[in-house]
Amino acid sequence: MTAGRKGRRPGSPDTQGQILDAASREFVGRGFERATIRGVATAAGVDPALVLHYFGSKEQLFIAALRVPVDPAAIVRSILDETAPDDVGERLIATLLDVWDAGADRNPMIAVLRSIAGDGPVADAVRQFIERSIIATFAERLPGPEAQLRGALIGSQVAGLLLGRYVLRLEPLASTDPKRLAAIYGPTIQRYAFGELPTVGS
């Protein structure tokens, strides 16, 4: 590619790998919020349009850089957009457990979960992604006041379930049927999403 040429250029067979390596460094070094597509492209020596061609958005690039096979924000959007409000909680848990249980290799997702509870740049980048992408998706689509808080409450409930079931492998949580867990957790998710949240008087 000549200097000054705009737009996408054909990539070498390892171009995607170079972009992912550069993205990992950028996200760890700058955090999810401050990292940019242009910065990743510069670090990889490619045009920003090529990064978008391969990965579509910063969120998708982050997911790919973590080697996680699913985009949780996309799952949340789909459920909130396509599910009747009364069924959101149970379907959310059922869908997430189906994704995790169907995964042939859960190691990347487990590594991400473990990083959330830790310190350091990787944990910071993951937490920023959760706040700016997943919780923000809830906040954009949930009705009523305090949508950001509702999204964070749902996120904490889901994270606790996934940590207990797949990382800590707490019994009998780890071996309980996913449908039963969806029925147990569903009403709590419903309350966080649509119910009245208690207030504390001054």
# chains A, B, ... in the order shown; residues from 1 in each chain; ligands from 1
>>> residues_around(residues="region 78-92 of chain A", least_positions_apart="6", cutoff="6 Å", atoms="only C-alpha atoms", output="list in words")
Ala182, Ala183, Gly186, Ile189 and Gln190 of chain A
>>> write_last_selection(atoms="all heavy atoms", output="compact mmCIF listing (two decimals), in the first residue's frame")
# COMPACT_ATOMS: atom_id res chain seq x y z
N ALA A 182 -32.03 -21.57 35.50
CA ALA A 182 -32.72 -20.46 34.83
C ALA A 182 -34.01 -20.12 35.56
O ALA A 182 -34.35 -18.93 35.71
CB ALA A 182 -33.00 -20.82 33.37
N ALA A 183 -34.72 -21.14 36.02
CA ALA A 183 -35.97 -20.90 36.75
C ALA A 183 -35.71 -20.27 38.12
O ALA A 183 -36.50 -19.47 38.61
CB ALA A 183 -36.74 -22.22 36.91
N GLY A 186 -34.05 -16.61 37.25
CA GLY A 186 -34.87 -15.76 36.41
C GLY A 186 -35.64 -14.68 37.15
O GLY A 186 -35.60 -13.50 36.77
N ILE A 189 -33.41 -11.78 38.21
CA ILE A 189 -33.05 -10.94 37.07
C ILE A 189 -34.24 -10.06 36.68
O ILE A 189 -34.07 -8.86 36.38
CB ILE A 189 -32.61 -11.80 35.87
CG1 ILE A 189 -31.41 -12.68 36.24
CG2 ILE A 189 -32.29 -10.92 34.68
CD1 ILE A 189 -30.17 -11.92 36.63
N GLN A 190 -35.45 -10.63 36.71
CA GLN A 190 -36.65 -9.86 36.39
C GLN A 190 -36.81 -8.67 37.33
O GLN A 190 -37.13 -7.56 36.90
CB GLN A 190 -37.89 -10.75 36.51
CG GLN A 190 -38.08 -11.75 35.39
CD GLN A 190 -38.36 -11.09 34.06
OE1 GLN A 190 -37.70 -11.38 33.07
NE2 GLN A 190 -39.33 -10.18 34.01
>>> residues_around(residues="Thr176 (chain A)", least_positions_apart="5", cutoff="10 Å", atoms="only C-alpha atoms", output="ChimeraX atom specification")
/A:165,171,181
>>> residues_around(residues="region 49-62 of chain A", least_positions_apart="4", cutoff="12 Å", atoms="only C-alpha atoms", output="count of residues only")
58
>>> residues_around(residues="Leu149 (chain A)", least_positions_apart="6", cutoff="9 Å", atoms="only C-alpha atoms", output="JSON, numbers by chain")
{"A": [135, 139, 192]}
>>> closest_residue(among="A:Ala136, A:Leu113, A:Leu142, A:Ala174", to="Val158 (chain A)", atoms="only C-alpha atoms")
A:Leu113
